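The file target_24.tsv contains TSV, C-alpha atoms:
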chain	number	residue	atom	x	y	z
A	45	MET	CA	0.00	0.00	0.00
A	46	SER	CA	1.09	3.57	-0.63
A	47	GLU	CA	1.93	6.12	2.03
A	48	TYR	CA	-1.03	8.35	1.13
A	49	THR	CA	-4.07	8.62	3.38
A	50	PRO	CA	-7.55	8.52	1.83
A	51	PRO	CA	-9.60	10.29	0.77
A	52	ILE	CA	-7.53	11.60	-2.12
A	53	ARG	CA	-8.98	14.54	-4.04
A	54	ARG	CA	-8.18	16.71	-7.01
A	55	LYS	CA	-7.36	20.41	-6.50
A	56	ASN	CA	-7.78	22.79	-9.45
A	57	HIS	CA	-5.52	25.82	-9.54
A	58	GLY	CA	-4.61	28.24	-12.30
A	59	LYS	CA	-4.03	26.39	-15.55
A	60	GLY	CA	-3.54	23.00	-13.96
A	61	HIS	CA	-4.46	20.71	-11.11
A	62	SER	CA	-2.90	18.44	-8.51
A	63	TYR	CA	-3.94	15.66	-6.15
A	64	VAL	CA	-3.66	15.62	-2.35
A	65	ASP	CA	-4.47	13.10	0.35
A	66	ALA	CA	-6.40	13.63	3.59
A	67	HIS	CA	-3.37	15.32	5.21
A	68	GLY	CA	-2.68	17.62	2.26
A	69	VAL	CA	0.27	15.52	1.06
A	70	LYS	CA	0.69	15.80	-2.70
A	71	VAL	CA	-0.04	12.59	-4.62
A	72	PRO	CA	1.82	12.11	-7.93
A	73	GLY	CA	-0.39	12.37	-11.02
A	74	VAL	CA	-0.20	9.79	-13.79
A	75	THR	CA	0.72	12.32	-16.49
A	76	THR	CA	3.29	13.97	-14.19
A	77	ILE	CA	4.96	10.61	-13.60
A	78	LEU	CA	5.19	10.12	-17.36
A	79	SER	CA	6.49	13.64	-17.90
A	80	ASP	CA	9.22	13.20	-15.27
A	81	GLY	CA	10.12	9.57	-15.93
A	82	VAL	CA	10.06	9.11	-19.73
A	83	PRO	CA	12.81	10.55	-21.96
A	84	LYS	CA	11.38	12.81	-24.65
A	85	PRO	CA	14.04	13.52	-27.29
A	86	ALA	CA	11.35	14.72	-29.69
A	87	LEU	CA	10.35	17.38	-27.17
A	88	MET	CA	13.54	19.34	-27.83
A	89	ASN	CA	12.79	19.48	-31.55
A	90	TRP	CA	9.18	20.46	-30.84
A	91	ALA	CA	10.26	23.28	-28.51
A	92	ALA	CA	12.75	24.64	-31.02
A	93	ARG	CA	10.30	24.39	-33.93
A	94	THR	CA	7.45	25.99	-31.96
A	95	THR	CA	9.67	28.88	-30.85
A	96	ALA	CA	10.95	29.45	-34.39
A	97	GLU	CA	7.43	29.36	-35.85
A	98	TYR	CA	6.23	31.84	-33.22
A	99	ALA	CA	9.13	34.19	-34.05
A	100	ILE	CA	8.31	34.09	-37.79
A	101	ASP	CA	4.56	34.56	-37.24
A	102	HIS	CA	5.04	37.48	-34.81
A	103	TRP	CA	8.16	39.04	-36.30
A	104	ASP	CA	6.88	42.63	-36.47
A	105	ASP	CA	5.31	42.50	-33.01
A	106	LEU	CA	8.51	41.13	-31.48
A	107	ALA	CA	10.65	43.74	-33.23
A	108	ALA	CA	8.66	46.48	-31.53
A	109	LEU	CA	9.39	45.10	-28.04
A	110	PRO	CA	12.43	45.81	-25.84
A	111	THR	CA	15.02	43.04	-26.00
A	112	SER	CA	14.15	41.62	-22.56
A	113	ALA	CA	10.42	41.51	-23.37
A	114	ARG	CA	11.18	39.93	-26.74
A	115	LEU	CA	13.16	37.18	-25.01
A	116	LYS	CA	10.35	36.59	-22.53
A	117	GLU	CA	7.84	36.20	-25.35
A	118	LEU	CA	10.01	33.68	-27.17
A	119	ASN	CA	10.73	31.71	-24.00
A	120	GLY	CA	7.01	31.38	-23.37
A	121	ALA	CA	5.99	30.57	-26.94
A	122	ARG	CA	6.13	26.79	-26.56
A	123	PHE	CA	4.05	26.91	-23.38
A	124	THR	CA	1.44	29.07	-25.11
A	125	ASP	CA	1.15	26.43	-27.83
A	126	ARG	CA	1.00	23.58	-25.32
A	127	ASP	CA	-1.58	25.27	-23.10
A	128	ALA	CA	-3.75	26.13	-26.10
A	129	ALA	CA	-3.75	22.46	-27.16
A	130	ALA	CA	-4.63	21.36	-23.64
A	131	ARG	CA	-7.50	23.85	-23.43
A	132	ARG	CA	-8.74	22.75	-26.86
A	133	GLY	CA	-8.86	19.14	-25.72
A	134	THR	CA	-10.73	19.97	-22.53
A	135	GLU	CA	-13.22	22.24	-24.30
A	136	VAL	CA	-13.85	19.80	-27.15
A	137	HIS	CA	-14.48	16.97	-24.74
A	138	GLY	CA	-16.84	18.99	-22.57
A	139	LEU	CA	-18.82	20.44	-25.46
A	140	ALA	CA	-19.09	17.17	-27.32
A	141	GLU	CA	-20.34	15.29	-24.29
A	142	ARG	CA	-23.08	17.88	-23.79
A	143	VAL	CA	-24.08	17.60	-27.44
A	144	VAL	CA	-24.15	13.79	-27.24
A	145	ASP	CA	-26.43	14.07	-24.19
A	146	GLY	CA	-28.88	16.04	-26.32
A	147	GLU	CA	-28.14	19.44	-24.80
A	148	GLU	CA	-28.21	22.50	-27.02
A	149	VAL	CA	-24.89	24.30	-26.70
A	150	GLU	CA	-23.20	27.14	-28.49
A	151	VAL	CA	-19.97	25.82	-29.99
A	152	PRO	CA	-17.22	28.36	-30.75
A	153	GLU	CA	-16.40	28.49	-34.45
A	154	ALA	CA	-12.76	27.53	-33.76
A	155	LEU	CA	-13.90	24.26	-32.17
A	156	ALA	CA	-16.87	23.44	-34.40
A	157	GLY	CA	-14.92	21.02	-36.58
A	158	HIS	CA	-13.50	19.14	-33.59
A	159	VAL	CA	-16.88	18.88	-31.87
A	160	ASP	CA	-18.63	17.73	-35.05
A	161	ALA	CA	-15.93	15.11	-35.59
A	162	TYR	CA	-16.26	13.79	-32.04
A	163	VAL	CA	-20.05	13.65	-32.21
A	164	ASP	CA	-19.81	11.84	-35.56
A	165	LEU	CA	-17.51	9.21	-34.02
A	166	CYS	CA	-19.92	8.75	-31.12
A	167	ASP	CA	-22.76	8.26	-33.60
A	168	ARG	CA	-20.83	5.81	-35.78
A	169	PHE	CA	-19.91	3.62	-32.80
A	170	ARG	CA	-23.20	4.32	-30.95
A	171	LEU	CA	-21.03	5.25	-27.99
A	172	GLU	CA	-22.76	5.12	-24.59
A	173	PRO	CA	-20.86	7.05	-21.84
A	174	VAL	CA	-20.55	5.28	-18.48
A	175	LEU	CA	-18.13	7.61	-16.67
A	176	VAL	CA	-16.97	10.98	-17.95
A	177	GLU	CA	-14.03	13.12	-16.73
A	178	PHE	CA	-13.47	11.35	-13.42
A	179	VAL	CA	-10.62	11.04	-10.94
A	180	VAL	CA	-9.00	7.66	-10.31
A	181	VAL	CA	-6.85	6.72	-7.32
A	182	SER	CA	-4.29	3.97	-6.81
A	183	HIS	CA	-3.68	3.33	-3.13
A	184	ALA	CA	-1.71	0.22	-4.02
A	185	TYR	CA	0.88	2.06	-6.10
A	186	GLY	CA	0.56	5.68	-4.99
A	187	TRP	CA	-0.77	7.76	-7.87
A	188	ALA	CA	-3.92	9.53	-9.05
A	189	GLY	CA	-5.20	10.85	-12.34
A	190	THR	CA	-8.14	12.18	-14.32
A	191	CYS	CA	-9.56	9.83	-16.92
A	192	ASP	CA	-11.54	11.21	-19.85
A	193	LEU	CA	-14.06	8.48	-20.49
A	194	VAL	CA	-15.33	4.97	-19.89
A	195	ALA	CA	-17.94	4.06	-22.47
A	196	ASP	CA	-19.79	1.12	-23.93
A	197	PHE	CA	-19.28	0.55	-27.66
A	198	PRO	CA	-22.23	-1.63	-28.75
A	199	THR	CA	-20.87	-1.98	-32.29
A	200	LEU	CA	-17.70	-3.51	-30.82
A	201	GLY	CA	-19.35	-5.39	-27.99
A	202	ALA	CA	-16.89	-3.85	-25.54
A	203	ARG	CA	-16.55	-1.40	-22.67
A	204	LEU	CA	-13.46	0.75	-23.19
A	205	LEU	CA	-11.49	3.18	-21.06
A	206	CYS	CA	-10.61	6.05	-23.39
A	207	ASP	CA	-8.32	9.05	-23.48
A	208	ILE	CA	-9.23	11.86	-25.86
A	209	LYS	CA	-6.34	13.45	-27.75
A	210	THR	CA	-6.54	16.56	-29.95
A	211	SER	CA	-2.84	17.05	-30.69
A	212	ARG	CA	-1.82	17.61	-34.30
A	213	SER	CA	0.96	15.04	-33.95
A	214	GLY	CA	-1.36	12.09	-33.38
A	215	VAL	CA	-1.22	9.26	-30.85
A	216	PHE	CA	1.97	8.37	-28.99
A	217	GLY	CA	2.79	4.91	-27.66
A	218	GLU	CA	3.43	6.23	-24.14
A	219	THR	CA	-0.31	6.84	-23.83
A	220	ALA	CA	-0.55	3.09	-23.17
A	221	TRP	CA	1.21	3.63	-19.83
A	222	GLN	CA	-1.15	6.49	-19.01
A	223	LEU	CA	-4.17	4.31	-19.72
A	224	ALA	CA	-2.71	1.42	-17.70
A	225	GLY	CA	-2.27	3.77	-14.74
A	226	TYR	CA	-5.96	4.63	-14.96
A	227	ARG	CA	-7.23	1.14	-15.73
A	228	TYR	CA	-5.54	-0.52	-12.76
A	229	ALA	CA	-6.42	2.13	-10.19
A	230	ASP	CA	-8.16	0.89	-7.05
A	231	ALA	CA	-11.00	3.39	-7.08
A	232	TYR	CA	-12.64	6.29	-8.83
A	233	LEU	CA	-14.33	9.31	-7.26
A	234	ASP	CA	-18.05	9.66	-7.84
A	235	LYS	CA	-19.73	13.06	-8.23
A	236	ALA	CA	-19.97	13.41	-4.45
A	237	GLY	CA	-16.22	12.83	-4.12
A	238	HIS	CA	-16.60	9.39	-2.58
A	239	GLU	CA	-14.39	6.50	-3.61
A	240	GLN	CA	-16.02	3.67	-5.53
A	241	PRO	CA	-14.34	0.44	-6.69
A	242	MET	CA	-12.69	1.02	-10.04
A	243	ILE	CA	-14.96	-0.02	-12.87
A	244	GLU	CA	-13.72	-2.95	-14.98
A	245	VAL	CA	-13.26	-2.54	-18.73
A	246	ASP	CA	-12.60	-4.84	-21.65
A	247	GLY	CA	-9.78	-2.70	-23.02
A	248	CYS	CA	-8.41	0.76	-23.64
A	249	ALA	CA	-8.41	3.16	-26.58
A	250	VAL	CA	-7.53	6.65	-27.72
A	251	ILE	CA	-10.05	8.88	-29.49
A	252	HIS	CA	-8.01	11.19	-31.70
A	253	VAL	CA	-10.10	14.23	-32.56
A	254	ARG	CA	-9.17	16.70	-35.29
A	255	ALA	CA	-11.05	19.42	-37.12
A	256	ASP	CA	-11.37	17.13	-40.15
A	257	GLY	CA	-12.42	13.93	-38.39
A	258	ALA	CA	-11.98	11.60	-35.43
A	259	ASP	CA	-10.52	8.09	-35.19
A	260	LEU	CA	-10.56	5.35	-32.56
A	261	TYR	CA	-7.23	3.65	-31.86
A	262	PRO	CA	-7.08	0.49	-29.73
A	263	MET	CA	-4.26	0.61	-27.16
A	264	THR	CA	-2.43	-2.23	-25.46
A	265	ALA	CA	-2.68	-1.28	-21.79
A	266	GLY	CA	-2.58	-4.52	-19.81
A	267	PRO	CA	-0.54	-5.96	-16.94
A	268	ASP	CA	2.76	-5.61	-18.87
A	269	GLN	CA	2.18	-1.90	-19.44
A	270	LEU	CA	1.21	-1.51	-15.76
A	271	ARG	CA	4.53	-3.09	-14.76
A	272	GLU	CA	6.40	-0.78	-17.11
A	273	PHE	CA	4.54	2.23	-15.73
A	274	ARG	CA	5.60	1.24	-12.22
A	275	TYR	CA	9.24	1.23	-13.41
A	276	ILE	CA	8.69	4.70	-14.87
A	277	GLN	CA	7.28	5.80	-11.52
A	278	GLN	CA	10.53	4.70	-9.84
A	279	VAL	CA	12.63	6.60	-12.39
A	280	ALA	CA	10.52	9.74	-11.87
A	281	ARG	CA	10.90	9.41	-8.10
A	282	ALA	CA	14.66	8.90	-8.39
A	283	CYS	CA	15.01	11.98	-10.61
A	284	ALA	CA	13.00	14.05	-8.13
A	285	ASN	CA	15.17	12.91	-5.23
A	286	ALA	CA	18.55	13.01	-7.00
A	287	ARG	CA	19.46	16.46	-5.65
A	288	ASP	CA	19.29	15.05	-2.11
A	289	TYR	CA	22.18	12.73	-2.92
A	290	VAL	CA	24.58	15.69	-2.98
A	291	GLY	CA	26.07	16.34	0.45
A	292	GLU	CA	27.44	19.53	1.99
A	293	VAL	CA	30.79	20.88	0.88
A	294	ILE	CA	33.64	19.26	2.81
A	295	VAL	CA	35.84	21.89	4.39
A	296	PRO	CA	39.41	20.78	5.14
A	297	PRO	CA	40.47	21.03	8.79
A	298	PRO	CA	42.66	24.00	9.68
A	299	LEU	CA	46.39	23.45	9.40
A	300	PRO	CA	48.16	23.00	12.75
A	301	LEU	CA	49.96	26.03	14.02
A	302	ALA	CA	53.73	26.00	13.47
A	303	GLY	CA	55.90	25.08	16.53

Show how you would write the structure in this file as structure tokens.
Amino acid sequence: MSEYTPPIRRKNHGKGHSYVDAHGVKVPGVTTILSDGVPKPALMNWAARTTAEYAIDHWDDLAALPTSARLKELNGARFTDRDAAARRGTEVHGLAERVVDGEEVEVPEALAGHVDAYVDLCDRFRLEPVLVEFVVVSHAYGWAGTCDLVADFPTLGARLLCDIKTSRSGVFGETAWQLAGYRYADAYLDKAGHEQPMIEVDGCAVIHVRADGADLYPMTAGPDQLREFRYIQQVARACANARDYVGEVIVPPPLPLAG
């Protein structure tokens, strides 16, 4: 069992969120574990490309700024792109679910294509939501996370745990570890914030939503991926604690006084 005391809850703050136990101790999130424990060589290329594209697209605006402000803008460009993608995913998911439930909603023009694509996928698979946007908790392994969707797919004869992705770059293999972390949690939080036994599923999938369509990708997220994710958790923990391995500077003893 983990060292965290139930109940564990999600805290929203600013642009992100975190998880804490009953004593306010921070509980690692599934996506944070992956971010800290998985090498991402492609991330360096993405950061450089995003910064360069931002500089080209905003050349005149940047030229009008003082040098220090220009540098600040460029340093933050990649985070602006990342945060916009994250917001798009959250908004698309929320809007689409409301549309699927038959609610009339006003969809921003910038998201209309994504929402239409998601709704079309739901219609094609006759998707029936079971749990939507819910927190999962692993007391056994010591992590928490927010899962997008568990749904029944009558056309497939299966209940799937799904993550919704809206990134332009598609679906990455490491999402399998994310899904395994959710799938093998001990509990999920109901709408009242109470823990319920984690719902069982037949498999996992990613719904990749774009402005021009949406696709369903099956993901291998079984016991082997759970074991790998636990290794990643150890790497993330070691990286976080590595600074503690450095001791204090050793000061040589004073030289003895001459005769």

**Prompt:** Contacts of His137 in chain A at 8 Å or less, counting all atoms listed in the file, minus same-chain residues fewer than 3 places along, as a list of chain:residue names?
**Reply:**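 Near His137 in chain A, the qualifying residues are A:Gly133, A:Thr134, A:Ala140, A:Glu141, A:Val159, A:Ile208.
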
Produce the centre coordinates and the three edge lengths, each in Å to one decimal, of the box along x, y and z that contains all listed atoms of range 251-260 of chain A with 4 Å added on each side, as JSON.
{"center_x": -10.2, "center_y": 12.4, "center_z": -34.8, "size_x": 12.4, "size_y": 22.1, "size_z": 18.7}

**Message:** Give me the residues near Asp256 in chain A as a VMD selection string, where near means some atom within 10 Å (using only C-alpha atoms) and where sequence neighbours in that chain fewer than 5 positions away do not count.
**Reply:** chain A and resid 157 to 158 160 to 161

**Item:** From A:Leu155, A:Leu200, A:Leu106, A:Ala184, residue lying nearest Thr49 in chain A [only C-alpha atoms]
**Value:** A:Ala184

**Request:** Give me, please, the distance in Å between CA of Pro110 in chain A and CA of Thr124 in chain A, quoted to one decimal.
**Result:**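 Going from CA of Pro110 in chain A over to CA of Thr124 in chain A covers 20.0 Å.
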
Which range 236-285 of chain A residues have any atom within 8 Å of an atom of range 217-227 of chain A, and for each, what is the nearest pair of atoms with distance in Å to one decimal, counting all atoms listed in the file, rows sorted by chain and number, as JSON lines?
{"residue": "A:Met242", "atom": "CA", "partner": "A:Arg227", "partner_atom": "CA", "distance": 7.9}
{"residue": "A:Glu244", "atom": "CA", "partner": "A:Arg227", "partner_atom": "CA", "distance": 7.7}
{"residue": "A:Val245", "atom": "CA", "partner": "A:Arg227", "partner_atom": "CA", "distance": 7.7}
{"residue": "A:Cys248", "atom": "CA", "partner": "A:Leu223", "partner_atom": "CA", "distance": 6.8}
{"residue": "A:Met263", "atom": "CA", "partner": "A:Ala220", "partner_atom": "CA", "distance": 6.0}
{"residue": "A:Thr264", "atom": "CA", "partner": "A:Ala220", "partner_atom": "CA", "distance": 6.1}
{"residue": "A:Ala265", "atom": "CA", "partner": "A:Ala224", "partner_atom": "CA", "distance": 4.9}
{"residue": "A:Gly266", "atom": "CA", "partner": "A:Ala224", "partner_atom": "CA", "distance": 6.3}
{"residue": "A:Pro267", "atom": "CA", "partner": "A:Ala224", "partner_atom": "CA", "distance": 7.7}
{"residue": "A:Gln269", "atom": "CA", "partner": "A:Trp221", "partner_atom": "CA", "distance": 5.6}
{"residue": "A:Leu270", "atom": "CA", "partner": "A:Ala224", "partner_atom": "CA", "distance": 5.3}
{"residue": "A:Glu272", "atom": "CA", "partner": "A:Trp221", "partner_atom": "CA", "distance": 7.3}
{"residue": "A:Phe273", "atom": "CA", "partner": "A:Trp221", "partner_atom": "CA", "distance": 5.5}

**Prompt:** Which is closest to Glu239 in chain A among A:Val82, A:Leu299, A:Ala113, A:Val180, if we use only C-alpha atoms?
**Reply:**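 The answer is A:Val180, which sits nearest to Glu239 in chain A.
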
**Asked** Using only C-alpha atoms, which of the listed residues (A:Ala302, A:Ala258, A:Val143, A:Leu118) sits closest to Val215 in chain A?
**Response**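 Closest to Val215 in chain A, using only C-alpha atoms: A:Ala258.
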
**Complete:** Using all atoms listed in the file, the best pick from A:Leu260, A:Glu47, A:Ala202, A:Ile276 as closest to Ser79 in chain A would be A:Ile276
